>>> print(open('run-v4.cif').read())   # mmCIF, C-alpha atoms
data_structure
#
loop_
_atom_site.label_atom_id
_atom_site.label_comp_id
_atom_site.auth_asym_id
_atom_site.auth_seq_id
_atom_site.Cartn_x
_atom_site.Cartn_y
_atom_site.Cartn_z
CA MET A 18 16.31 14.40 17.11
CA ALA A 19 15.58 13.06 20.55
CA ALA A 20 16.66 14.87 23.69
CA MET A 21 17.84 13.39 26.98
CA GLY A 22 16.62 14.45 30.39
CA GLY A 23 14.04 16.94 29.09
CA SER A 24 16.58 19.19 27.36
CA SER A 25 15.84 21.08 24.16
CA PRO A 26 16.01 19.13 20.86
CA SER A 27 19.00 19.24 18.55
CA ILE A 28 18.95 21.82 15.76
CA VAL A 29 21.15 21.14 12.71
CA GLU A 30 21.49 22.49 9.16
CA TYR A 31 22.42 19.84 6.60
CA PHE A 32 24.95 20.76 3.89
CA GLY A 33 25.22 17.54 1.87
CA GLY A 34 28.40 15.99 0.52
CA GLU A 35 28.35 16.05 -3.27
CA ASP A 36 31.15 18.56 -3.86
CA GLY A 37 34.76 17.70 -3.10
CA TYR A 38 37.17 20.10 -1.42
CA ARG A 39 40.86 20.28 -0.63
CA CYS A 40 42.23 17.46 1.53
CA GLY A 41 44.44 18.51 4.41
CA TYR A 42 46.24 15.16 4.42
CA CYS A 43 47.21 14.40 0.81
CA LYS A 44 46.69 18.01 -0.46
CA ASN A 45 44.31 16.87 -3.22
CA ASP A 46 42.32 19.94 -4.31
CA THR A 47 38.97 18.16 -4.76
CA GLY A 48 39.57 14.68 -3.31
CA ASN A 49 38.05 15.13 0.15
CA LEU A 50 34.35 14.27 0.18
CA SER A 51 32.22 14.16 3.31
CA TYR A 52 28.67 14.68 4.47
CA GLY A 53 28.38 17.74 6.68
CA MET A 54 25.95 19.78 8.75
CA TRP A 55 26.12 22.81 10.98
CA ALA A 56 24.94 22.02 14.49
CA HIS A 57 23.35 25.07 16.09
CA SER A 58 22.70 23.00 19.19
CA MET A 59 22.91 19.28 19.89
CA THR A 60 22.23 16.98 22.82
CA VAL A 61 24.97 14.69 24.03
CA GLU A 62 22.73 11.69 23.37
CA ASP A 63 22.31 12.64 19.71
CA TYR A 64 26.03 13.25 19.28
CA GLN A 65 26.74 9.88 20.87
CA ASP A 66 24.54 8.22 18.22
CA LEU A 67 26.33 10.15 15.47
CA ILE A 68 29.85 9.43 16.71
CA ASP A 69 29.02 5.73 16.85
CA ARG A 70 28.19 5.94 13.14
CA GLY A 71 31.38 7.61 12.00
CA TRP A 72 30.59 11.31 12.49
CA ARG A 73 32.91 13.82 14.19
CA ARG A 74 32.77 17.49 15.05
CA SER A 75 35.16 20.37 14.42
CA GLY A 76 33.79 23.27 16.40
CA LYS A 77 30.10 23.31 15.51
CA TYR A 78 30.61 21.65 12.13
CA VAL A 79 29.74 17.93 12.20
CA TYR A 80 30.91 15.78 9.29
CA LYS A 81 31.26 12.21 8.09
CA PRO A 82 33.64 11.10 5.29
CA VAL A 83 32.18 9.47 2.18
CA MET A 84 34.29 6.34 2.60
CA ASN A 85 33.94 4.91 -0.91
CA ARG A 86 34.77 8.21 -2.65
CA THR A 87 37.07 10.29 -0.47
CA CYS A 88 40.81 10.34 -1.20
CA CYS A 89 41.84 9.59 2.40
CA PRO A 90 39.33 7.31 4.19
CA GLN A 91 39.01 8.18 7.86
CA TYR A 92 38.23 5.41 10.34
CA THR A 93 36.84 5.94 13.80
CA ILE A 94 39.01 4.33 16.48
CA ARG A 95 38.25 3.76 20.11
CA CYS A 96 39.66 2.04 23.18
CA ARG A 97 37.88 -0.23 25.64
CA ILE A 98 39.07 1.35 28.86
CA LEU A 99 38.40 -1.67 31.08
CA HIS A 100 40.43 -3.97 28.80
CA PHE A 101 43.36 -1.61 28.35
CA HIS A 102 46.75 -2.56 29.82
CA PRO A 103 49.76 -0.25 29.43
CA SER A 104 52.69 -1.59 27.45
CA LYS A 105 56.37 -1.15 28.21
CA SER A 106 56.60 2.02 26.13
CA HIS A 107 53.50 3.46 27.84
CA LYS A 108 55.07 2.85 31.26
CA LYS A 109 58.27 4.40 29.99
CA VAL A 110 56.40 7.64 29.25
CA LEU A 111 54.67 7.61 32.64
CA LYS A 112 57.97 7.00 34.46
CA LYS A 113 59.60 9.78 32.46
CA MET A 114 56.95 12.21 33.72
CA LEU A 115 57.49 11.04 37.31
CA ARG A 116 61.24 11.56 37.01
CA PHE A 117 60.65 15.05 35.67
CA LEU A 118 58.29 15.96 38.50
CA THR A 119 60.36 14.46 41.32
CA LYS A 120 63.92 15.14 40.14
CA GLY A 121 63.57 17.58 37.25
CA GLU A 122 65.15 15.13 34.78
CA THR A 123 64.34 15.70 31.10
CA SER A 124 65.30 13.76 28.00
CA LYS A 125 67.35 15.54 25.36
CA ILE A 126 65.53 13.61 22.60
CA ASN A 127 62.14 14.72 21.33
CA SER A 128 60.14 11.69 22.42
CA GLU A 129 57.14 12.59 20.27
CA VAL A 130 59.08 11.76 17.14
CA GLU A 131 61.58 9.19 18.31
CA PRO A 132 61.24 5.74 16.72
CA MET A 133 59.24 2.92 18.15
CA ASP A 134 60.85 0.78 20.81
CA SER A 135 61.64 -2.71 19.57
CA HIS A 136 59.86 -5.53 21.36
CA PRO A 137 60.97 -8.82 19.84
CA GLU A 138 58.46 -11.59 20.12
CA ASP A 139 59.16 -14.45 22.43
CA THR A 140 60.49 -17.40 20.57
CA GLY A 141 59.04 -20.80 21.18
CA CYS A 142 62.44 -22.56 21.24
CA ASP A 143 65.10 -20.38 22.75
CA LEU A 144 67.40 -23.17 23.98
CA LEU A 145 69.57 -25.47 21.93
CA LEU A 146 69.26 -29.19 22.53
CA LYS A 147 72.32 -30.32 24.40
CA SER A 148 73.90 -33.70 23.69
CA GLU A 149 74.04 -36.22 26.48
CA PRO A 150 77.32 -36.29 28.44
CA ASP A 151 79.94 -38.72 27.23
CA THR A 152 79.62 -42.11 28.87
CA SER A 153 82.61 -43.06 30.98
CA ARG A 154 85.09 -45.61 29.69
CA TYR A 155 84.44 -47.77 32.72
CA GLU A 156 80.76 -48.16 31.75
CA LEU A 157 81.63 -49.10 28.17
CA GLU A 158 84.34 -51.64 28.90
CA PRO A 159 83.25 -55.21 29.79
CA LEU A 160 84.80 -55.79 33.20
CA SER A 161 88.60 -55.49 33.06
CA THR A 162 89.11 -56.47 29.43
CA TYR A 163 88.58 -54.61 26.18
CA THR A 164 89.21 -55.25 22.54
CA GLU A 165 90.97 -52.84 20.27
CA LYS A 166 91.62 -52.86 16.53
CA VAL A 167 95.24 -53.53 15.76
CA GLU A 168 96.59 -51.35 13.00
CA GLY A 169 97.47 -53.43 9.93
CA GLU A 170 95.34 -56.45 10.85
CA GLU A 171 92.88 -58.00 8.43
CA GLU A 172 89.27 -56.84 8.79
CA GLY A 173 87.46 -58.65 11.57
CA GLU A 174 90.67 -59.83 13.22
CA ARG A 175 90.87 -58.72 16.86
CA ILE A 176 93.18 -59.42 19.73
CA GLU A 177 91.81 -59.65 23.21
CA LYS A 178 94.08 -58.25 25.88
CA ARG A 179 93.92 -58.25 29.60
CA ASP A 180 95.00 -55.41 31.81
CA SER A 181 98.38 -55.38 33.49
CA GLY A 182 97.07 -56.40 36.91
CA HIS A 183 95.77 -59.72 35.65
CA THR A 184 98.73 -60.33 33.33
CA GLU A 185 101.21 -60.50 36.19
CA SER A 186 99.24 -63.28 37.92
CA CYS A 187 98.71 -65.42 34.82
CA ASN A 188 99.98 -69.02 34.98
CA GLU A 189 100.62 -71.57 32.34
CA LYS A 190 96.96 -72.60 32.25
CA ASP A 191 95.92 -69.06 31.53
CA ASN A 192 98.46 -68.85 28.72
CA ALA A 193 97.00 -72.01 27.18
CA ASN A 194 93.50 -70.58 27.40
CA LEU A 195 94.66 -67.35 25.76
CA SER A 196 96.15 -69.28 22.83
CA GLU A 197 92.88 -71.12 22.35
CA LEU A 198 90.98 -67.82 22.27
CA LEU A 199 93.31 -66.43 19.64
CA ASP A 200 92.78 -69.51 17.48
CA LEU A 201 89.01 -69.14 17.78
CA ALA A 202 89.23 -65.47 16.78
CA LYS A 203 90.87 -66.48 13.50
CA VAL A 204 88.39 -69.19 12.48
CA GLY A 205 85.21 -67.57 13.88
CA HIS A 206 83.17 -67.53 17.06
CA ALA A 207 82.39 -70.73 18.94
CA PRO A 208 80.22 -71.34 21.99
CA PRO A 209 82.21 -70.96 25.20
CA LYS A 210 83.10 -74.05 27.15
CA PRO A 211 81.53 -74.58 30.57
CA GLY A 212 83.14 -72.32 33.14
CA LYS A 213 84.91 -70.18 30.52
CA GLY A 214 82.05 -67.79 29.52
CA ALA A 215 81.03 -64.40 30.96
CA ASP A 216 81.40 -63.89 34.70
CA LEU A 217 77.81 -64.09 35.94
CA SER A 218 78.73 -62.54 39.27
CA LYS A 219 79.36 -59.18 37.56
CA PRO A 220 76.93 -56.93 35.63
CA PRO A 221 76.66 -57.59 31.91
CA CYS A 222 78.12 -55.28 29.31
CA ARG A 223 75.80 -52.44 28.24
CA LYS A 224 75.68 -50.28 25.16
CA ALA A 225 76.29 -46.54 25.46
CA LYS A 226 72.97 -45.88 23.72
CA ASP A 227 71.06 -47.78 26.41
CA ILE A 228 72.90 -45.94 29.16
CA ARG A 229 72.02 -42.54 27.67
CA LYS A 230 68.35 -43.52 27.40
CA GLU A 231 68.26 -44.54 31.05
CA GLN A 232 69.90 -41.29 32.14
CA LYS A 233 67.42 -39.25 30.11
CA TRP A 234 64.48 -41.15 31.58
CA GLN A 235 65.72 -40.64 35.15
CA LYS A 236 66.17 -36.91 34.51
CA ARG A 237 62.62 -36.65 33.16
CA LEU A 238 61.21 -38.35 36.25
CA GLN A 239 63.10 -35.93 38.49
CA ASN A 240 61.75 -32.92 36.57
CA GLN A 241 58.17 -34.19 36.82
CA ALA A 242 58.54 -34.67 40.56
CA GLY A 243 59.95 -31.16 40.91
CA ASN A 244 57.10 -29.59 38.89
CA GLN A 245 54.49 -31.38 40.97
CA ALA A 246 56.06 -30.09 44.18
CA LEU A 247 56.14 -26.55 42.74
CA GLN A 248 52.43 -26.71 41.86
CA GLU A 249 51.58 -27.80 45.38
CA GLU A 250 53.55 -24.89 46.83
CA THR A 251 51.79 -22.44 44.50
CA GLN A 252 48.37 -23.67 45.59
CA ILE A 253 49.29 -23.35 49.25
CA ALA A 254 50.92 -19.90 48.83
CA PRO A 255 48.84 -16.96 50.11
CA LYS A 256 46.87 -14.86 47.65
CA SER A 257 48.71 -11.72 48.71
CA LYS A 258 51.87 -13.05 47.09
CA SER A 259 50.16 -13.38 43.69
CA LYS A 260 48.73 -9.87 43.96
CA ALA A 261 52.18 -8.46 44.57
CA ASN A 262 53.34 -9.91 41.27
CA GLN A 263 50.56 -8.30 39.24
CA PRO A 264 51.68 -5.64 36.72
CA LYS A 265 51.09 -1.99 37.56
CA SER A 266 48.17 -0.15 36.02
CA ILE A 267 48.27 3.38 34.63
CA GLU A 268 46.60 4.60 37.83
CA ASP A 269 49.59 3.36 39.85
CA PHE A 270 51.80 5.77 37.89
CA ILE A 271 49.41 8.70 37.45
CA PHE A 272 47.82 9.05 40.87
CA VAL A 273 50.98 8.49 42.90
CA THR A 274 51.59 10.97 45.72
CA LEU A 275 54.70 13.05 45.11
CA ALA A 276 57.19 13.74 47.87
CA LEU A 277 57.33 17.17 49.46
CA GLU A 278 60.77 17.76 47.99
CA ALA A 279 59.55 17.17 44.40
CA VAL A 280 61.06 19.67 41.96
CA HIS A 281 57.84 20.29 40.00
CA GLN A 282 54.14 20.14 40.78
CA LEU A 283 51.56 18.94 38.24
CA GLU A 284 47.88 19.83 38.48
CA VAL A 285 45.20 18.69 36.02
CA ARG A 286 42.06 20.85 35.94
CA LEU A 287 38.82 19.95 34.18
CA VAL A 288 37.20 23.16 32.96
CA ARG A 289 33.86 23.31 31.17
CA VAL A 290 34.02 25.15 27.84
CA SER A 291 31.84 28.14 28.60
CA PHE A 292 32.60 31.84 28.92
CA GLU A 293 30.20 31.83 31.84
CA ASP A 294 32.60 29.59 33.76
CA PRO A 295 35.05 31.75 35.82
CA GLN A 296 37.93 29.24 35.49
CA PHE A 297 37.56 29.12 31.72
CA ARG A 298 37.46 32.91 31.45
CA SER A 299 40.48 33.46 33.66
CA SER A 300 42.63 30.96 31.73
CA PHE A 301 41.39 31.83 28.22
CA THR A 302 44.21 34.20 27.25
CA GLN A 303 46.97 31.89 28.48
CA SER A 304 45.33 28.91 26.78
CA ALA A 305 44.89 30.76 23.47
CA THR A 306 48.53 31.92 23.55
CA LEU A 307 49.68 28.33 24.09
CA PHE A 308 47.50 27.20 21.17
CA ALA A 309 49.13 29.73 18.83
CA LYS A 310 52.62 28.73 19.97
CA TYR A 311 51.84 25.07 19.33
CA GLN A 312 50.25 25.62 15.90
CA MET A 313 53.11 27.76 14.62
CA ALA A 314 55.85 25.43 15.92
CA ILE A 315 54.32 22.06 15.12
CA HIS A 316 51.95 22.73 12.18
CA LYS A 317 53.73 25.81 10.76
CA ASP A 318 50.61 27.98 10.85
CA THR A 319 50.83 31.70 10.32
CA PRO A 320 49.78 34.00 13.21
CA SER A 321 46.50 34.84 11.44
CA GLU A 322 45.65 31.15 11.17
CA CYS A 323 45.87 30.57 14.92
CA ASN A 324 44.70 33.81 16.51
CA LYS A 325 42.10 34.02 19.26
CA ASP A 326 39.17 34.04 16.81
CA GLN A 327 40.40 30.84 15.14
CA PHE A 328 41.05 29.30 18.55
CA THR A 329 37.53 30.14 19.69
CA ARG A 330 35.89 28.82 16.52
CA PHE A 331 37.92 25.61 16.50
CA LEU A 332 38.19 24.57 20.15
CA CYS A 333 35.84 26.72 22.22
CA ASP A 334 32.61 26.81 20.22
CA SER A 335 30.67 23.59 20.79
CA PRO A 336 27.13 22.62 19.85
CA LEU A 337 26.81 20.24 22.82
CA GLU A 338 24.36 21.25 25.47
CA ALA A 339 25.63 20.80 29.03
CA GLU A 340 23.67 18.18 30.94
CA SER A 341 23.99 16.82 34.49
CA PRO A 342 21.59 13.91 35.01
CA PRO A 343 21.48 12.30 38.48
CA ASN A 344 22.86 8.98 37.17
CA GLY A 345 25.71 10.64 35.26
CA PRO A 346 29.25 11.56 36.32
CA ASP A 347 29.89 14.38 38.77
CA SER A 348 31.33 16.56 36.00
CA GLY A 349 28.20 16.18 33.88
CA TYR A 350 28.15 15.83 30.08
CA GLY A 351 29.32 18.30 27.45
CA SER A 352 32.57 19.85 26.17
CA PHE A 353 35.58 20.43 28.42
CA HIS A 354 39.21 21.54 28.45
CA GLN A 355 41.50 19.36 30.53
CA GLN A 356 44.33 21.70 31.45
CA TYR A 357 47.78 20.48 32.54
CA TRP A 358 49.40 22.99 34.90
CA ILE A 359 53.07 22.64 35.87
CA ASP A 360 54.33 25.11 38.49
CA GLY A 361 51.40 27.47 37.87
CA LYS A 362 51.67 27.51 34.07
CA ILE A 363 49.55 25.73 31.44
CA VAL A 364 51.78 23.38 29.43
CA ALA A 365 49.09 21.31 27.64
CA VAL A 366 45.35 21.29 27.04
CA GLY A 367 43.28 18.29 26.01
CA VAL A 368 39.94 19.20 24.45
CA ILE A 369 37.39 16.45 25.21
CA ASP A 370 33.69 15.71 25.00
CA ILE A 371 32.11 13.72 27.83
CA LEU A 372 29.21 11.73 26.38
CA PRO A 373 26.85 9.10 27.86
CA LYS A 374 28.97 6.17 26.64
CA CYS A 375 32.44 7.58 26.00
CA VAL A 376 35.00 10.32 26.38
CA SER A 377 35.85 11.69 22.95
CA SER A 378 39.24 13.31 22.39
CA VAL A 379 38.78 16.35 20.13
CA TYR A 380 42.27 17.89 20.10
CA LEU A 381 45.48 18.32 22.08
CA TYR A 382 47.94 21.20 22.05
CA TYR A 383 50.98 21.64 24.27
CA ASP A 384 54.04 23.77 24.86
CA PRO A 385 56.78 22.65 22.41
CA ASP A 386 59.35 23.38 25.13
CA TYR A 387 58.01 20.29 26.96
CA SER A 388 57.93 17.99 23.95
CA SER A 389 60.53 15.71 25.56
CA LEU A 390 57.84 14.58 28.03
CA SER A 391 55.81 12.88 25.26
CA LEU A 392 52.72 14.87 26.23
CA GLY A 393 50.69 13.41 23.35
CA VAL A 394 51.03 9.88 24.72
CA TYR A 395 50.89 10.97 28.35
CA SER A 396 47.65 12.91 27.89
CA ALA A 397 46.01 9.97 26.12
CA LEU A 398 46.92 7.65 28.99
CA ARG A 399 45.71 10.25 31.44
CA GLU A 400 42.38 10.54 29.60
CA ILE A 401 41.96 6.76 29.70
CA ALA A 402 42.47 6.83 33.47
CA PHE A 403 40.01 9.74 33.69
CA THR A 404 37.41 7.77 31.70
CA ARG A 405 37.81 4.89 34.14
CA GLN A 406 37.02 7.27 36.98
CA LEU A 407 33.86 8.41 35.22
CA HIS A 408 32.88 4.79 34.63
CA GLU A 409 32.70 4.22 38.40
CA LYS A 410 29.74 6.63 38.56
CA ALA A 411 28.26 6.08 35.07
CA SER A 412 28.56 2.39 34.17
CA ASP A 413 27.64 2.93 30.49
CA LEU A 414 30.62 5.23 30.00
CA SER A 415 33.23 2.64 29.03
CA TYR A 416 34.95 3.83 25.81
CA TYR A 417 37.64 6.33 24.90
CA TYR A 418 37.39 7.73 21.34
CA MET A 419 40.53 9.08 19.69
CA GLY A 420 39.03 10.56 16.57
CA PHE A 421 39.77 9.50 13.03
CA TYR A 422 42.65 7.33 11.86
CA ILE A 423 43.99 7.96 8.35
CA HIS A 424 46.22 5.11 7.25
CA SER A 425 47.94 7.12 4.50
CA CYS A 426 48.89 10.04 6.78
CA PRO A 427 52.27 9.82 8.60
CA LYS A 428 51.07 12.29 11.23
CA MET A 429 48.52 9.73 12.40
CA ARG A 430 51.24 7.48 13.80
CA TYR A 431 50.81 9.00 17.25
CA LYS A 432 47.29 7.56 17.33
CA LEU A 433 48.79 4.08 17.28
CA MET A 434 50.35 4.80 20.68
CA LYS A 435 53.63 3.36 19.32
CA GLU A 436 52.26 -0.15 19.76
CA GLY A 437 50.33 -1.00 16.62
CA LEU A 438 46.67 -0.24 15.96
CA LYS A 439 45.21 -3.66 16.70
CA ASN A 440 47.04 -3.93 20.01
CA TRP A 441 45.17 -1.14 21.70
CA VAL A 442 42.10 0.03 19.76
CA GLU A 443 39.29 -1.31 17.67
CA PHE A 444 38.36 0.48 14.50
CA GLY A 445 35.90 0.23 11.65
CA PHE A 446 33.50 2.06 9.40
CA PHE A 447 30.82 2.32 12.07
CA THR A 448 33.03 1.40 15.07
CA ARG A 449 30.89 -1.59 15.85
CA GLU A 450 31.88 -4.55 18.01
CA GLN A 451 34.43 -6.76 16.29
#
>>> encode(input="run-v4.cif", output="structure tokens")
Amino acid sequence: MAAMGGSSPSIVEYFGGEDGYRCGYCKNDTGNLSYGMWAHSMTVEDYQDLIDRGWRRSGKYVYKPVMNRTCCPQYTIRCRILHFHPSKSHKKVLKKMLRFLTKGETSKINSEVEPMDSHPEDTGCDLLLKSEPDTSRYELEPLSTYTEKVEGEEEGERIEKRDSGHTESCNEKDNANLSELLDLAKVGHAPPKPGKGADLSKPPCRKAKDIRKEQKWQKRLQNQAGNQALQEETQIAPKSKSKANQPKSIEDFIFVTLALEAVHQLEVRLVRVSFEDPQFRSSFTQSATLFAKYQMAIHKDTPSECNKDQFTRFLCDSPLEAESPPNGPDSGYGSFHQQYWIDGKIVAVGVIDILPKCVSSVYLYYDPDYSSLSLGVYSALREIAFTRQLHEKASDLSYYYMGFYIHSCPKMRYKLMKEGLKNWVEFGFFTREQ
């Protein structure tokens, strides 16, 4: 295999993948099939090529599931860090950590296992259509007269009445005209005589339907005028106003400066996995003890299954050769422990690999006493923000890998970040662009 920056070549021992072995997810004795090899040493460039093709490492063992034969297919998932925007539940976790650090507030519910927050989708029509207001009686009545159906009359027979004000001033001529109108109503309509038709000096009678249409049209014109004025104000408004309305990023929550009176202090240390590193050596015992506490409480391991030797083999031994090219990040490439210290004590450790094009999350273990802080979600968000920092120095480093996703395993739900797989990662057999 090729080496980067003049480093030594990768040395691997291939094991094959013909024989099945016990699956840790569905407990099938021979259902898990994968290609495997033991990596005595490996360059970060070679491991980047392998991880892009569906391979992963566990200690120095590098493997790839046989997708068409294994009992539980494992899909590589990754996040595009520059396109990632935190959701409401992500911000909820970040705010919960801030409240704990500043005020010491903790939730009584174990947030790692609490159900997903419901986010109903916006409906396209959330308002009922309202009927037009009733038209006034004055608008419906022709002038001062109106016709009403007299109970008991034959169909079509109507009596025209005048209001009381006009009745008092009626003379004999008006009474004669009224009798003529009643006679016409009985035999049918006839053209009015000259001077006895509708009063042309007053507005004609209008139907309620026409009045409602006119009101609706006037209201529409007013709304259009208002929208046009609002658009003009938006164009004239300063750009600073629009920036203030932008949603907060994860960096706004993570890298905030705490007040001096904060109850707790959080420090995140990036330590290279090497017994030659003084920080790694000095924190090894405390880190290994935390690992055993986590494994026994969360995964029900026995003490012999999570002792220091198992911890070293699983999370400290790495085949990746440390490299620090001039165009790379300040931390260099290789395997690291990202330690979360609260008040001088390690409460969580994220095991990561920094590669030329991504940060790969290997494992996370934390103190079960702090499970209410949702450290699984918080550490993932923190690692995304960390990857963005590395991207500023190494432009090719623009992905965050979360390992395998097994659809049939309930324990994999945390990898969905409580938001649904397609909302925050892309996944596939070879993790190619989709």
>>> resolve_selection(input="run-v4.cif", expression="the PyMOL selection byres ((chain A and resi 82) around 12)", output="PyMOL selection string")
chain A and resi 33-35+37-38+40+48-53+70-74+79-81+83-93+421-423+446-447
>>> write_last_selection(input="run-v4.cif", atoms="C-alpha atoms", output="PDB file, keeping the file's coordinate frame")
ATOM      1  CA  GLY A  33      25.220  17.540   1.870  1.00  0.00           C
ATOM      2  CA  GLY A  34      28.400  15.990   0.520  1.00  0.00           C
ATOM      3  CA  GLU A  35      28.350  16.050  -3.270  1.00  0.00           C
ATOM      4  CA  GLY A  37      34.760  17.700  -3.100  1.00  0.00           C
ATOM      5  CA  TYR A  38      37.170  20.100  -1.420  1.00  0.00           C
ATOM      6  CA  CYS A  40      42.230  17.460   1.530  1.00  0.00           C
ATOM      7  CA  GLY A  48      39.570  14.680  -3.310  1.00  0.00           C
ATOM      8  CA  ASN A  49      38.050  15.130   0.150  1.00  0.00           C
ATOM      9  CA  LEU A  50      34.350  14.270   0.180  1.00  0.00           C
ATOM     10  CA  SER A  51      32.220  14.160   3.310  1.00  0.00           C
ATOM     11  CA  TYR A  52      28.670  14.680   4.470  1.00  0.00           C
ATOM     12  CA  GLY A  53      28.380  17.740   6.680  1.00  0.00           C
ATOM     13  CA  ARG A  70      28.190   5.940  13.140  1.00  0.00           C
ATOM     14  CA  GLY A  71      31.380   7.610  12.000  1.00  0.00           C
ATOM     15  CA  TRP A  72      30.590  11.310  12.490  1.00  0.00           C
ATOM     16  CA  ARG A  73      32.910  13.820  14.190  1.00  0.00           C
ATOM     17  CA  ARG A  74      32.770  17.490  15.050  1.00  0.00           C
ATOM     18  CA  VAL A  79      29.740  17.930  12.200  1.00  0.00           C
ATOM     19  CA  TYR A  80      30.910  15.780   9.290  1.00  0.00           C
ATOM     20  CA  LYS A  81      31.260  12.210   8.090  1.00  0.00           C
ATOM     21  CA  VAL A  83      32.180   9.470   2.180  1.00  0.00           C
ATOM     22  CA  MET A  84      34.290   6.340   2.600  1.00  0.00           C
ATOM     23  CA  ASN A  85      33.940   4.910  -0.910  1.00  0.00           C
ATOM     24  CA  ARG A  86      34.770   8.210  -2.650  1.00  0.00           C
ATOM     25  CA  THR A  87      37.070  10.290  -0.470  1.00  0.00           C
ATOM     26  CA  CYS A  88      40.810  10.340  -1.200  1.00  0.00           C
ATOM     27  CA  CYS A  89      41.840   9.590   2.400  1.00  0.00           C
ATOM     28  CA  PRO A  90      39.330   7.310   4.190  1.00  0.00           C
ATOM     29  CA  GLN A  91      39.010   8.180   7.860  1.00  0.00           C
ATOM     30  CA  TYR A  92      38.230   5.410  10.340  1.00  0.00           C
ATOM     31  CA  THR A  93      36.840   5.940  13.800  1.00  0.00           C
ATOM     32  CA  PHE A 421      39.770   9.500  13.030  1.00  0.00           C
ATOM     33  CA  TYR A 422      42.650   7.330  11.860  1.00  0.00           C
ATOM     34  CA  ILE A 423      43.990   7.960   8.350  1.00  0.00           C
ATOM     35  CA  PHE A 446      33.500   2.060   9.400  1.00  0.00           C
ATOM     36  CA  PHE A 447      30.820   2.320  12.070  1.00  0.00           C
TER      37      PHE A 447
END
>>> atom_distance(input="run-v4.cif", atom1="atom CA of A:Ser321", atom2="atom CA of A:Lys44")
20.6 Å
>>> closest_residue(input="run-v4.cif", among="A:Val364, A:Val394, A:Arg289, A:Ser266", to="A:His100", atoms="only C-alpha atoms")
A:Ser266
>>> closest_residue(input="run-v4.cif", among="A:Arg95, A:Arg330, A:Arg298, A:Lys317", to="A:Lys77", atoms="all atoms listed in the file")
A:Arg330
>>> resolve_selection(input="run-v4.cif", expression="the PyMOL selection byres ((chain A and resi 30) around 7)", output="JSON list (two decimals) with C-alpha atoms, in the coordinates of the input")
[["chain", "number", "residue", "atom", "x", "y", "z"],
["A", 29, "VAL", "CA", 21.15, 21.14, 12.71],
["A", 31, "TYR", "CA", 22.42, 19.84, 6.60],
["A", 32, "PHE", "CA", 24.95, 20.76, 3.89],
["A", 54, "MET", "CA", 25.95, 19.78, 8.75],
["A", 55, "TRP", "CA", 26.12, 22.81, 10.98],
["A", 56, "ALA", "CA", 24.94, 22.02, 14.49]]
>>> atom_distance(input="run-v4.cif", atom1="atom CA of A:Asp386", atom2="atom CA of A:Ile315")
11.3 Å
>>> resolve_selection(input="run-v4.cif", expression="the PyMOL selection byres ((chain A and resi 353) around 6)", output="list of chain:residue names")
A:Val288, A:Arg289, A:Val290, A:Ser352, A:His354, A:Ile369
